[in-house]
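Colleague: Here you go, one structure.
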Amino acid sequence: MAAGPVTGGALIAAFGWRSVFWINVPVVVAALVLVAVFVPESRGSRTRRLDLPGQALLTAALFLFVGVLIEGPRVGWTSPTALIGYVLTAAAVTAFARVELRGPEPLMDLTLFRRPAFTTAVLGAAAVFVALNVSLLLTTLYLQHGRGWTPLAAGTATLPMALGATVCAPWSGALVGRLGPRRPLLLAGGFIAAGGLTLVDLHQDTNPLLLLLAYLLIGIGFGFANAPLTNTAVGGLPPSRAGVAGAITSTARQVGSAVGIALAGALVANVGPTGLARASHAGWLIVTACGLFLLAVARAAQPTTKA
(Lines give C-alpha, C1' and ligand atoms only; values in the text may rest on other atoms or scores of the structure.)
Protein backbone atom coordinates (compact mmCIF):
# COMPACT_ATOMS: atom_id res chain seq x y z
CA MET A 1 0.00 0.00 0.00
CA ALA A 2 2.89 2.35 0.72
CA ALA A 3 4.97 1.39 -2.30
CA GLY A 4 2.13 1.21 -4.83
CA PRO A 5 1.10 4.87 -5.26
CA VAL A 6 4.68 6.15 -5.08
CA THR A 7 5.97 3.50 -7.49
CA GLY A 8 3.03 4.11 -9.79
CA GLY A 9 3.70 7.85 -9.81
CA ALA A 10 7.37 7.30 -10.60
CA LEU A 11 6.54 4.86 -13.42
CA ILE A 12 4.03 7.23 -15.00
CA ALA A 13 6.49 10.11 -14.83
CA ALA A 14 9.26 8.04 -16.42
CA PHE A 15 7.48 5.69 -18.84
CA GLY A 16 3.84 6.74 -19.17
CA TRP A 17 0.59 5.35 -17.76
CA ARG A 18 0.83 1.98 -19.53
CA SER A 19 3.84 1.08 -17.39
CA VAL A 20 1.66 0.67 -14.28
CA PHE A 21 0.06 -2.33 -15.97
CA TRP A 22 3.27 -3.85 -17.32
CA ILE A 23 4.84 -3.79 -13.85
CA ASN A 24 2.26 -6.38 -12.82
CA VAL A 25 3.86 -8.99 -15.10
CA PRO A 26 7.14 -9.47 -13.16
CA VAL A 27 5.26 -9.17 -9.86
CA VAL A 28 2.86 -11.97 -10.82
CA VAL A 29 5.69 -14.15 -12.15
CA ALA A 30 7.61 -13.71 -8.90
CA ALA A 31 4.48 -14.54 -6.87
CA LEU A 32 3.88 -17.72 -8.87
CA VAL A 33 7.48 -18.86 -8.39
CA LEU A 34 7.42 -18.13 -4.65
CA VAL A 35 4.11 -19.97 -4.19
CA ALA A 36 5.36 -23.00 -6.13
CA VAL A 37 8.57 -23.17 -4.08
CA PHE A 38 7.49 -22.24 -0.58
CA VAL A 39 3.71 -22.67 -0.07
CA PRO A 40 2.71 -26.21 0.96
CA GLU A 41 -0.34 -27.77 -0.64
CA SER A 42 -3.52 -28.19 1.41
CA ARG A 43 -6.69 -30.10 0.67
CA GLY A 44 -10.11 -30.37 2.21
CA SER A 45 -11.49 -33.54 3.73
CA ARG A 46 -13.49 -34.10 0.54
CA THR A 47 -13.49 -32.75 -2.99
CA ARG A 48 -16.18 -30.21 -3.82
CA ARG A 49 -17.63 -29.91 -7.29
CA LEU A 50 -17.43 -26.63 -9.17
CA ASP A 51 -20.61 -24.58 -9.06
CA LEU A 52 -20.36 -23.29 -12.62
CA PRO A 53 -23.91 -21.82 -12.80
CA GLY A 54 -23.32 -19.99 -9.52
CA GLN A 55 -19.98 -18.64 -10.71
CA ALA A 56 -21.45 -17.44 -13.99
CA LEU A 57 -24.44 -15.74 -12.35
CA LEU A 58 -22.34 -14.06 -9.65
CA THR A 59 -19.95 -12.77 -12.30
CA ALA A 60 -22.87 -11.46 -14.37
CA ALA A 61 -24.48 -9.76 -11.36
CA LEU A 62 -21.27 -7.98 -10.35
CA PHE A 63 -20.49 -7.02 -13.95
CA LEU A 64 -23.93 -5.51 -14.47
CA PHE A 65 -24.01 -3.75 -11.09
CA VAL A 66 -20.62 -2.08 -11.48
CA GLY A 67 -21.30 -1.37 -15.15
CA VAL A 68 -24.47 0.55 -14.32
CA LEU A 69 -22.59 2.59 -11.72
CA ILE A 70 -19.84 3.47 -14.17
CA GLU A 71 -22.06 4.26 -17.17
CA GLY A 72 -24.92 5.89 -15.25
CA PRO A 73 -23.54 9.45 -15.41
CA ARG A 74 -22.93 9.14 -19.15
CA VAL A 75 -26.20 7.52 -20.27
CA GLY A 76 -28.44 9.01 -17.56
CA TRP A 77 -29.77 7.24 -14.48
CA THR A 78 -33.31 7.09 -15.86
CA SER A 79 -32.41 6.33 -19.48
CA PRO A 80 -33.66 3.13 -21.14
CA THR A 81 -30.12 1.72 -21.06
CA ALA A 82 -29.85 2.28 -17.31
CA LEU A 83 -33.32 0.84 -16.68
CA ILE A 84 -32.40 -2.29 -18.62
CA GLY A 85 -29.25 -2.53 -16.53
CA TYR A 86 -31.26 -2.36 -13.30
CA VAL A 87 -33.60 -5.11 -14.48
CA LEU A 88 -30.78 -7.37 -15.64
CA THR A 89 -28.87 -6.87 -12.38
CA ALA A 90 -31.93 -7.76 -10.31
CA ALA A 91 -32.58 -10.80 -12.49
CA ALA A 92 -28.98 -12.02 -12.17
CA VAL A 93 -29.03 -11.60 -8.37
CA THR A 94 -32.37 -13.40 -8.08
CA ALA A 95 -31.22 -16.26 -10.28
CA PHE A 96 -27.96 -16.55 -8.33
CA ALA A 97 -29.84 -16.77 -5.03
CA ARG A 98 -32.19 -19.46 -6.38
CA VAL A 99 -29.31 -21.55 -7.75
CA GLU A 100 -27.30 -21.27 -4.54
CA LEU A 101 -30.21 -22.17 -2.26
CA ARG A 102 -31.12 -25.24 -4.32
CA GLY A 103 -27.67 -26.52 -5.29
CA PRO A 104 -26.11 -29.46 -3.39
CA GLU A 105 -22.67 -27.79 -3.22
CA PRO A 106 -23.21 -24.06 -3.75
CA LEU A 107 -20.43 -21.60 -4.44
CA MET A 108 -21.73 -19.38 -1.62
CA ASP A 109 -23.51 -20.68 1.46
CA LEU A 110 -26.33 -18.14 1.68
CA THR A 111 -27.60 -19.57 4.97
CA LEU A 112 -24.66 -17.81 6.63
CA PHE A 113 -26.48 -14.53 6.02
CA ARG A 114 -29.07 -15.57 8.59
CA ARG A 115 -26.50 -14.60 11.23
CA PRO A 116 -26.73 -10.81 11.78
CA ALA A 117 -23.09 -10.61 12.89
CA PHE A 118 -21.91 -12.29 9.69
CA THR A 119 -24.11 -10.15 7.43
CA THR A 120 -23.01 -6.89 9.01
CA ALA A 121 -19.35 -7.98 8.89
CA VAL A 122 -19.60 -8.71 5.16
CA LEU A 123 -21.28 -5.36 4.52
CA GLY A 124 -18.69 -3.71 6.75
CA ALA A 125 -15.85 -5.24 4.74
CA ALA A 126 -17.40 -3.87 1.56
CA ALA A 127 -17.87 -0.45 3.19
CA VAL A 128 -14.22 -0.25 4.27
CA PHE A 129 -13.01 -0.85 0.74
CA VAL A 130 -15.59 1.54 -0.71
CA ALA A 131 -14.15 4.20 1.60
CA LEU A 132 -10.55 3.32 0.75
CA ASN A 133 -11.03 3.35 -3.02
CA VAL A 134 -13.19 6.47 -3.05
CA SER A 135 -10.44 8.18 -1.05
CA LEU A 136 -7.63 7.03 -3.32
CA LEU A 137 -9.35 7.90 -6.59
CA LEU A 138 -10.64 11.28 -5.45
CA THR A 139 -7.23 12.09 -4.02
CA THR A 140 -5.47 11.19 -7.26
CA LEU A 141 -7.83 13.22 -9.46
CA TYR A 142 -7.93 16.22 -7.13
CA LEU A 143 -4.19 16.49 -6.59
CA GLN A 144 -3.12 15.84 -10.17
CA HIS A 145 -5.87 17.51 -12.20
CA GLY A 146 -7.25 19.97 -9.67
CA ARG A 147 -3.98 21.22 -8.19
CA GLY A 148 -1.50 20.27 -10.88
CA TRP A 149 0.65 17.95 -8.77
CA THR A 150 2.81 15.40 -10.54
CA PRO A 151 1.85 11.71 -10.32
CA LEU A 152 4.87 11.10 -8.08
CA ALA A 153 3.90 13.93 -5.71
CA ALA A 154 0.29 12.72 -5.57
CA GLY A 155 1.44 9.20 -4.80
CA THR A 156 3.78 10.44 -2.08
CA ALA A 157 0.90 12.36 -0.47
CA THR A 158 -0.87 9.07 0.27
CA LEU A 159 2.02 7.78 2.41
CA PRO A 160 0.31 8.88 5.68
CA MET A 161 -2.59 6.60 4.73
CA ALA A 162 -0.21 3.67 4.28
CA LEU A 163 1.62 4.54 7.49
CA GLY A 164 -1.59 4.51 9.51
CA ALA A 165 -2.66 1.17 8.05
CA THR A 166 0.77 -0.42 8.55
CA VAL A 167 1.07 0.60 12.19
CA CYS A 168 -2.52 -0.11 13.23
CA ALA A 169 -3.21 -3.41 11.45
CA PRO A 170 -1.05 -5.57 13.78
CA TRP A 171 -2.21 -3.51 16.76
CA SER A 172 -5.79 -4.26 15.75
CA GLY A 173 -5.06 -7.98 15.61
CA ALA A 174 -3.64 -7.86 19.13
CA LEU A 175 -6.69 -5.99 20.39
CA VAL A 176 -9.05 -8.51 18.80
CA GLY A 177 -7.18 -11.37 20.44
CA ARG A 178 -7.28 -9.70 23.86
CA LEU A 179 -10.56 -7.77 23.91
CA GLY A 180 -12.64 -9.00 20.99
CA PRO A 181 -13.61 -7.23 17.75
CA ARG A 182 -15.92 -4.54 19.09
CA ARG A 183 -13.39 -1.96 20.25
CA PRO A 184 -11.16 -2.13 17.15
CA LEU A 185 -14.27 -1.74 15.00
CA LEU A 186 -15.29 1.34 16.97
CA LEU A 187 -11.82 2.78 16.43
CA ALA A 188 -11.92 1.91 12.73
CA GLY A 189 -15.29 3.54 12.19
CA GLY A 190 -14.39 6.61 14.20
CA PHE A 191 -11.13 7.27 12.38
CA ILE A 192 -12.56 6.66 8.89
CA ALA A 193 -15.53 8.93 9.63
CA ALA A 194 -13.20 11.61 11.02
CA GLY A 195 -11.02 11.43 7.91
CA GLY A 196 -14.02 11.81 5.62
CA LEU A 197 -15.42 14.72 7.64
CA THR A 198 -12.07 16.49 7.43
CA LEU A 199 -12.46 16.83 3.65
CA VAL A 200 -16.22 17.28 3.18
CA ASP A 201 -15.60 20.99 2.61
CA LEU A 202 -12.57 20.52 0.35
CA HIS A 203 -11.49 23.57 -1.67
CA GLN A 204 -9.13 24.22 -4.53
CA ASP A 205 -6.49 25.58 -2.16
CA THR A 206 -7.05 23.46 0.96
CA ASN A 207 -3.95 23.34 3.15
CA PRO A 208 -1.87 20.26 2.22
CA LEU A 209 -1.36 19.54 5.94
CA LEU A 210 -5.12 19.10 6.30
CA LEU A 211 -5.07 16.67 3.38
CA LEU A 212 -2.27 14.66 4.95
CA LEU A 213 -4.14 14.58 8.27
CA ALA A 214 -7.27 13.24 6.58
CA TYR A 215 -5.29 10.56 4.75
CA LEU A 216 -3.62 9.54 8.01
CA LEU A 217 -6.99 9.23 9.79
CA ILE A 218 -8.44 7.10 6.99
CA GLY A 219 -5.34 4.89 6.97
CA ILE A 220 -5.56 4.36 10.73
CA GLY A 221 -9.22 3.39 10.40
CA PHE A 222 -8.42 1.01 7.55
CA GLY A 223 -5.70 -0.62 9.62
CA PHE A 224 -8.02 -1.18 12.56
CA ALA A 225 -10.87 -2.56 10.41
CA ASN A 226 -9.79 -5.78 8.73
CA ALA A 227 -8.90 -8.05 11.65
CA PRO A 228 -12.14 -7.50 13.63
CA LEU A 229 -14.28 -7.78 10.50
CA THR A 230 -12.84 -11.18 9.64
CA ASN A 231 -13.11 -12.25 13.27
CA THR A 232 -16.76 -11.20 13.39
CA ALA A 233 -17.54 -13.00 10.14
CA VAL A 234 -16.07 -16.36 11.17
CA GLY A 235 -16.68 -16.14 14.91
CA GLY A 236 -18.75 -18.98 16.30
CA LEU A 237 -18.65 -21.02 13.09
CA PRO A 238 -17.22 -24.55 12.85
CA PRO A 239 -13.97 -24.84 10.83
CA SER A 240 -15.85 -26.43 7.92
CA ARG A 241 -17.85 -23.23 7.43
CA ALA A 242 -15.33 -20.65 8.64
CA GLY A 243 -13.32 -20.94 5.43
CA VAL A 244 -16.38 -20.15 3.30
CA ALA A 245 -17.29 -17.24 5.60
CA GLY A 246 -13.79 -15.81 5.28
CA ALA A 247 -13.90 -16.20 1.50
CA ILE A 248 -17.24 -14.37 1.29
CA THR A 249 -15.76 -11.54 3.35
CA SER A 250 -12.79 -11.34 0.99
CA THR A 251 -15.16 -11.23 -1.97
CA ALA A 252 -17.06 -8.40 -0.31
CA ARG A 253 -13.80 -6.45 -0.08
CA GLN A 254 -13.23 -6.79 -3.83
CA VAL A 255 -16.82 -5.79 -4.54
CA GLY A 256 -16.34 -2.76 -2.31
CA SER A 257 -13.23 -1.82 -4.25
CA ALA A 258 -15.08 -1.95 -7.56
CA VAL A 259 -18.07 -0.05 -6.20
CA GLY A 260 -15.84 2.59 -4.61
CA ILE A 261 -14.02 3.27 -7.87
CA ALA A 262 -17.29 3.36 -9.80
CA LEU A 263 -18.90 5.77 -7.31
CA ALA A 264 -15.92 8.12 -7.22
CA GLY A 265 -15.68 8.10 -11.00
CA ALA A 266 -19.39 8.83 -11.33
CA LEU A 267 -19.13 11.81 -8.99
CA VAL A 268 -16.41 13.56 -10.97
CA ALA A 269 -17.39 12.45 -14.48
CA ASN A 270 -17.26 15.35 -16.96
CA VAL A 271 -16.04 17.75 -14.24
CA GLY A 272 -13.27 20.19 -15.12
CA PRO A 273 -10.13 20.68 -13.00
CA THR A 274 -11.52 23.69 -11.16
CA GLY A 275 -14.68 21.83 -10.18
CA LEU A 276 -13.08 18.65 -8.84
CA ALA A 277 -12.87 19.86 -5.24
CA ARG A 278 -16.58 20.71 -5.07
CA ALA A 279 -17.61 17.59 -6.98
CA SER A 280 -15.72 15.40 -4.51
CA HIS A 281 -17.70 16.65 -1.48
CA ALA A 282 -20.28 13.89 -1.91
CA GLY A 283 -17.46 11.35 -2.12
CA TRP A 284 -16.05 12.39 1.24
CA LEU A 285 -19.56 12.16 2.67
CA ILE A 286 -19.65 8.57 1.39
CA VAL A 287 -16.34 7.90 3.18
CA THR A 288 -17.84 9.38 6.35
CA ALA A 289 -20.97 7.24 6.01
CA CYS A 290 -18.85 4.11 5.59
CA GLY A 291 -17.07 4.93 8.84
CA LEU A 292 -20.33 5.46 10.65
CA PHE A 293 -21.64 2.15 9.30
CA LEU A 294 -18.71 0.38 10.96
CA LEU A 295 -20.01 1.68 14.28
CA ALA A 296 -23.21 -0.27 13.59
CA VAL A 297 -21.13 -3.33 12.69
CA ALA A 298 -19.38 -2.98 16.05
CA ARG A 299 -22.72 -3.22 17.83
CA ALA A 300 -23.41 -6.54 16.10
CA ALA A 301 -19.95 -7.93 16.84
CA GLN A 302 -19.38 -10.27 19.77
CA PRO A 303 -17.96 -8.36 22.74
CA THR A 304 -15.37 -11.01 23.46
CA THR A 305 -13.58 -13.69 21.51
CA LYS A 306 -12.12 -16.99 22.66
CA ALA A 307 -8.61 -17.97 21.72
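Residues in the C-alpha coordinates are named by chain (A, B, ... in the order shown) and by number from 1 within that chain; ligands are numbered from 1 in the order shown.
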Would you kindly return, as a list in words, each protein, DNA or RNA residue with an atom no farther than 6 Å from any atom of stretch 219-236 of chain A, considering only C-alpha atoms and excluding same-chain residues fewer than 5 positions away?
Modeller: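 These residues fall inside the cut-off: Phe118, Ala121, Met161, Ala162, Gly164, Ala165, Cys168, Ala169, Ser172, Gly173, Pro181, Pro184, Leu185, Ala188, Phe191, Ile192, Ala242, Ala245 and Ala301 of chain A.
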Colleague: Would you mind listing what lies within 10 Å of A:Glu71 as a PyMOL selection string, with only C-alpha atoms counted and same-chain residues fewer than 3 positions away left out?
Modeller: chain A and resi 66-68+74-77+81-82+85+262+265-266+269
Colleague: Would you mind exporting the chosen residues as a PDB file, in the first residue's frame, restricted to all heavy atoms?
Modeller:
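Done, and the output landed in part-v5.pdb:
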```
ATOM      1  N   VAL A  66     -21.704  -3.055 -11.359  1.00  0.00           N
ATOM      2  CA  VAL A  66     -20.620  -2.076 -11.479  1.00  0.00           C
ATOM      3  C   VAL A  66     -20.732  -1.325 -12.808  1.00  0.00           C
ATOM      4  O   VAL A  66     -20.480  -0.113 -12.876  1.00  0.00           O
ATOM      5  CB  VAL A  66     -19.250  -2.775 -11.352  1.00  0.00           C
ATOM      6  CG1 VAL A  66     -18.118  -1.790 -11.592  1.00  0.00           C
ATOM      7  CG2 VAL A  66     -19.114  -3.403  -9.974  1.00  0.00           C
ATOM      8  N   GLY A  67     -21.143  -2.031 -13.855  1.00  0.00           N
ATOM      9  CA  GLY A  67     -21.302  -1.370 -15.149  1.00  0.00           C
ATOM     10  C   GLY A  67     -22.329  -0.257 -15.116  1.00  0.00           C
ATOM     11  O   GLY A  67     -22.116   0.818 -15.693  1.00  0.00           O
ATOM     12  N   VAL A  68     -23.445  -0.488 -14.433  1.00  0.00           N
ATOM     13  CA  VAL A  68     -24.466   0.548 -14.317  1.00  0.00           C
ATOM     14  C   VAL A  68     -23.921   1.743 -13.544  1.00  0.00           C
ATOM     15  O   VAL A  68     -24.164   2.908 -13.915  1.00  0.00           O
ATOM     16  CB  VAL A  68     -25.729  -0.016 -13.635  1.00  0.00           C
ATOM     17  CG1 VAL A  68     -26.686   1.108 -13.260  1.00  0.00           C
ATOM     18  CG2 VAL A  68     -26.432  -0.999 -14.557  1.00  0.00           C
ATOM     19  N   ARG A  74     -23.032   8.865 -17.714  1.00  0.00           N
ATOM     20  CA  ARG A  74     -22.934   9.144 -19.154  1.00  0.00           C
ATOM     21  C   ARG A  74     -24.264   8.935 -19.861  1.00  0.00           C
ATOM     22  O   ARG A  74     -24.685   9.776 -20.673  1.00  0.00           O
ATOM     23  CB  ARG A  74     -21.865   8.250 -19.782  1.00  0.00           C
ATOM     24  CG  ARG A  74     -21.613   8.545 -21.260  1.00  0.00           C
ATOM     25  CD  ARG A  74     -20.548   7.626 -21.824  1.00  0.00           C
ATOM     26  NE  ARG A  74     -20.979   6.231 -21.844  1.00  0.00           N
ATOM     27  CZ  ARG A  74     -21.713   5.698 -22.832  1.00  0.00           C
ATOM     28  NH1 ARG A  74     -22.097   6.444 -23.860  1.00  0.00           N
ATOM     29  NH2 ARG A  74     -22.047   4.421 -22.793  1.00  0.00           N
ATOM     30  N   VAL A  75     -24.953   7.835 -19.555  1.00  0.00           N
ATOM     31  CA  VAL A  75     -26.197   7.524 -20.271  1.00  0.00           C
ATOM     32  C   VAL A  75     -27.428   8.097 -19.588  1.00  0.00           C
ATOM     33  O   VAL A  75     -28.497   8.165 -20.196  1.00  0.00           O
ATOM     34  CB  VAL A  75     -26.356   5.996 -20.432  1.00  0.00           C
ATOM     35  CG1 VAL A  75     -25.168   5.404 -21.167  1.00  0.00           C
ATOM     36  CG2 VAL A  75     -26.535   5.303 -19.076  1.00  0.00           C
ATOM     37  N   GLY A  76     -27.297   8.508 -18.311  1.00  0.00           N
ATOM     38  CA  GLY A  76     -28.442   9.009 -17.564  1.00  0.00           C
ATOM     39  C   GLY A  76     -29.050   7.926 -16.692  1.00  0.00           C
ATOM     40  O   GLY A  76     -29.285   6.806 -17.171  1.00  0.00           O
ATOM     41  N   TRP A  77     -29.311   8.252 -15.429  1.00  0.00           N
ATOM     42  CA  TRP A  77     -29.773   7.241 -14.477  1.00  0.00           C
ATOM     43  C   TRP A  77     -31.178   6.750 -14.779  1.00  0.00           C
ATOM     44  O   TRP A  77     -31.567   5.684 -14.315  1.00  0.00           O
ATOM     45  CB  TRP A  77     -29.711   7.803 -13.059  1.00  0.00           C
ATOM     46  CG  TRP A  77     -28.315   8.138 -12.616  1.00  0.00           C
ATOM     47  CD1 TRP A  77     -27.769   9.373 -12.447  1.00  0.00           C
ATOM     48  CD2 TRP A  77     -27.276   7.199 -12.294  1.00  0.00           C
ATOM     49  NE1 TRP A  77     -26.459   9.268 -12.036  1.00  0.00           N
ATOM     50  CE2 TRP A  77     -26.129   7.953 -11.936  1.00  0.00           C
ATOM     51  CE3 TRP A  77     -27.198   5.806 -12.270  1.00  0.00           C
ATOM     52  CZ2 TRP A  77     -24.921   7.357 -11.561  1.00  0.00           C
ATOM     53  CZ3 TRP A  77     -26.005   5.211 -11.900  1.00  0.00           C
ATOM     54  CH2 TRP A  77     -24.883   5.974 -11.547  1.00  0.00           C
ATOM     55  N   THR A  81     -31.286   2.589 -21.275  1.00  0.00           N
ATOM     56  CA  THR A  81     -30.123   1.719 -21.060  1.00  0.00           C
ATOM     57  C   THR A  81     -29.916   1.430 -19.581  1.00  0.00           C
ATOM     58  O   THR A  81     -29.675   0.284 -19.182  1.00  0.00           O
ATOM     59  CB  THR A  81     -28.858   2.373 -21.641  1.00  0.00           C
ATOM     60  OG1 THR A  81     -29.044   2.600 -23.035  1.00  0.00           O
ATOM     61  CG2 THR A  81     -27.645   1.478 -21.428  1.00  0.00           C
ATOM     62  N   ALA A  82     -30.015   2.469 -18.749  1.00  0.00           N
ATOM     63  CA  ALA A  82     -29.849   2.275 -17.312  1.00  0.00           C
ATOM     64  C   ALA A  82     -30.960   1.407 -16.741  1.00  0.00           C
ATOM     65  O   ALA A  82     -30.712   0.529 -15.898  1.00  0.00           O
ATOM     66  CB  ALA A  82     -29.810   3.627 -16.600  1.00  0.00           C
ATOM     67  N   GLY A  85     -30.310  -2.062 -17.414  1.00  0.00           N
ATOM     68  CA  GLY A  85     -29.251  -2.525 -16.528  1.00  0.00           C
ATOM     69  C   GLY A  85     -29.769  -2.877 -15.149  1.00  0.00           C
ATOM     70  O   GLY A  85     -29.372  -3.893 -14.559  1.00  0.00           O
ATOM     71  N   ALA A 262     -16.179   2.952  -8.942  1.00  0.00           N
ATOM     72  CA  ALA A 262     -17.294   3.364  -9.798  1.00  0.00           C
ATOM     73  C   ALA A 262     -17.997   4.598  -9.235  1.00  0.00           C
ATOM     74  O   ALA A 262     -18.333   5.535  -9.973  1.00  0.00           O
ATOM     75  CB  ALA A 262     -18.279   2.212  -9.958  1.00  0.00           C
ATOM     76  N   GLY A 265     -15.724   7.688  -9.600  1.00  0.00           N
ATOM     77  CA  GLY A 265     -15.684   8.100 -10.996  1.00  0.00           C
ATOM     78  C   GLY A 265     -16.968   8.760 -11.442  1.00  0.00           C
ATOM     79  O   GLY A 265     -16.949   9.741 -12.197  1.00  0.00           O
ATOM     80  N   ALA A 266     -18.101   8.236 -10.958  1.00  0.00           N
ATOM     81  CA  ALA A 266     -19.386   8.828 -11.327  1.00  0.00           C
ATOM     82  C   ALA A 266     -19.535  10.247 -10.784  1.00  0.00           C
ATOM     83  O   ALA A 266     -20.114  11.119 -11.443  1.00  0.00           O
ATOM     84  CB  ALA A 266     -20.528   7.949 -10.813  1.00  0.00           C
ATOM     85  N   ALA A 269     -17.305  12.612 -13.024  1.00  0.00           N
ATOM     86  CA  ALA A 269     -17.390  12.454 -14.477  1.00  0.00           C
ATOM     87  C   ALA A 269     -17.742  13.792 -15.126  1.00  0.00           C
ATOM     88  O   ALA A 269     -18.633  14.518 -14.672  1.00  0.00           O
ATOM     89  CB  ALA A 269     -18.428  11.398 -14.834  1.00  0.00           C
TER      90      ALA A 269
END
```
Colleague: Nearest residue to A:Leu202 out of A:Pro80, A:Pro106, A:Gly275, A:Pro53, using only C-alpha atoms?
Modeller: A:Gly275
Colleague: As an exercise, work out the distance from atom CA of A:Leu143 to atom CA of A:Val27 in Å and give it to one decimal place.
Modeller: 27.5 Å
Colleague: In Å, rounded to a single decimal, give me how far atom CA of A:Met108 is from atom CA of A:Leu237.
Modeller: 15.1 Å
Colleague: Excluding A:His281 and any residue of its chain fewer than 5 positions from it, enumerate the residues within 12 Å of it, using only C-alpha atoms, and give them as a PyMOL selection string.
Modeller: chain A and resi 134-135+138-139+142+196-204+264+267-268+275-276+286-288
Colleague: Selected residues, N, CA, C and O atoms, written as a tab-separated table (two decimals), in the first residue's frame, please.
Modeller:
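Contents of result13.tsv, as written:
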```
chain	number	residue	atom	x	y	z
A	134	VAL	N	-12.70	5.12	-2.80
A	134	VAL	CA	-13.19	6.47	-3.05
A	134	VAL	C	-12.11	7.47	-2.66
A	134	VAL	O	-11.83	8.43	-3.40
A	135	SER	N	-11.48	7.26	-1.51
A	135	SER	CA	-10.44	8.18	-1.05
A	135	SER	C	-9.27	8.23	-2.02
A	135	SER	O	-8.78	9.31	-2.38
A	138	LEU	N	-10.39	9.86	-5.57
A	138	LEU	CA	-10.64	11.28	-5.45
A	138	LEU	C	-9.35	12.05	-5.16
A	138	LEU	O	-9.14	13.15	-5.68
A	139	THR	N	-8.51	11.45	-4.33
A	139	THR	CA	-7.23	12.09	-4.02
A	139	THR	C	-6.38	12.24	-5.28
A	139	THR	O	-5.80	13.30	-5.55
A	142	TYR	N	-7.98	14.86	-7.69
A	142	TYR	CA	-7.93	16.22	-7.13
A	142	TYR	C	-6.51	16.77	-7.15
A	142	TYR	O	-6.28	17.91	-7.57
A	196	GLY	N	-13.08	11.33	6.63
A	196	GLY	CA	-14.02	11.81	5.62
A	196	GLY	C	-14.55	13.19	5.94
A	196	GLY	O	-14.63	14.07	5.08
A	197	LEU	N	-14.90	13.41	7.23
A	197	LEU	CA	-15.42	14.72	7.64
A	197	LEU	C	-14.40	15.82	7.45
A	197	LEU	O	-14.76	16.97	7.18
A	198	THR	N	-13.12	15.48	7.58
A	198	THR	CA	-12.07	16.49	7.43
A	198	THR	C	-12.09	17.11	6.04
A	198	THR	O	-11.72	18.28	5.87
A	199	LEU	N	-12.54	16.35	5.04
A	199	LEU	CA	-12.46	16.83	3.65
A	199	LEU	C	-13.83	17.07	3.00
A	199	LEU	O	-13.89	17.28	1.79
A	200	VAL	N	-14.90	17.07	3.79
A	200	VAL	CA	-16.22	17.28	3.18
A	200	VAL	C	-16.38	18.70	2.65
A	200	VAL	O	-17.27	18.97	1.82
A	201	ASP	N	-15.54	19.61	3.10
A	201	ASP	CA	-15.60	20.99	2.61
A	201	ASP	C	-14.32	21.33	1.84
A	201	ASP	O	-13.80	22.44	1.91
A	202	LEU	N	-13.82	20.37	1.09
A	202	LEU	CA	-12.57	20.52	0.35
A	202	LEU	C	-12.66	21.68	-0.64
A	202	LEU	O	-13.68	21.86	-1.32
A	203	HIS	N	-11.56	22.45	-0.73
A	203	HIS	CA	-11.49	23.57	-1.67
A	203	HIS	C	-10.29	23.40	-2.59
A	203	HIS	O	-9.43	22.53	-2.38
A	204	GLN	N	-10.22	24.26	-3.58
A	204	GLN	CA	-9.13	24.22	-4.53
A	204	GLN	C	-7.78	24.42	-3.87
A	204	GLN	O	-6.77	23.85	-4.27
A	264	ALA	N	-16.78	6.94	-7.12
A	264	ALA	CA	-15.92	8.12	-7.22
A	264	ALA	C	-15.84	8.62	-8.65
A	264	ALA	O	-15.89	9.83	-8.91
A	267	LEU	N	-18.99	10.49	-9.61
A	267	LEU	CA	-19.13	11.81	-8.99
A	267	LEU	C	-18.38	12.89	-9.75
A	267	LEU	O	-18.81	14.05	-9.78
A	268	VAL	N	-17.24	12.54	-10.32
A	268	VAL	CA	-16.41	13.56	-10.97
A	268	VAL	C	-16.42	13.43	-12.49
A	268	VAL	O	-15.62	14.08	-13.17
A	275	GLY	N	-13.48	22.29	-10.89
A	275	GLY	CA	-14.68	21.83	-10.18
A	275	GLY	C	-14.50	20.53	-9.43
A	275	GLY	O	-15.44	20.05	-8.79
A	276	LEU	N	-13.29	19.95	-9.47
A	276	LEU	CA	-13.08	18.65	-8.84
A	276	LEU	C	-13.25	18.71	-7.32
A	276	LEU	O	-13.80	17.78	-6.73
A	286	ILE	N	-19.55	10.03	1.48
A	286	ILE	CA	-19.65	8.57	1.39
A	286	ILE	C	-18.61	7.92	2.29
A	286	ILE	O	-18.91	6.94	3.00
A	287	VAL	N	-17.40	8.44	2.29
A	287	VAL	CA	-16.34	7.90	3.18
A	287	VAL	C	-16.79	8.03	4.63
A	287	VAL	O	-16.65	7.08	5.43
A	288	THR	N	-17.35	9.17	4.98
A	288	THR	CA	-17.84	9.38	6.35
A	288	THR	C	-18.94	8.38	6.69
A	288	THR	O	-18.94	7.78	7.78
```
Colleague: Just the residues within 8 Å of A:Leu57, please, counting only C-alpha atoms, with nothing from its chain fewer than 6 positions along; format it as a list in words.
Modeller: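 With the cut-off at 8 Å, the set is Ala92, Val93, Ala95 and Phe96 of chain A.
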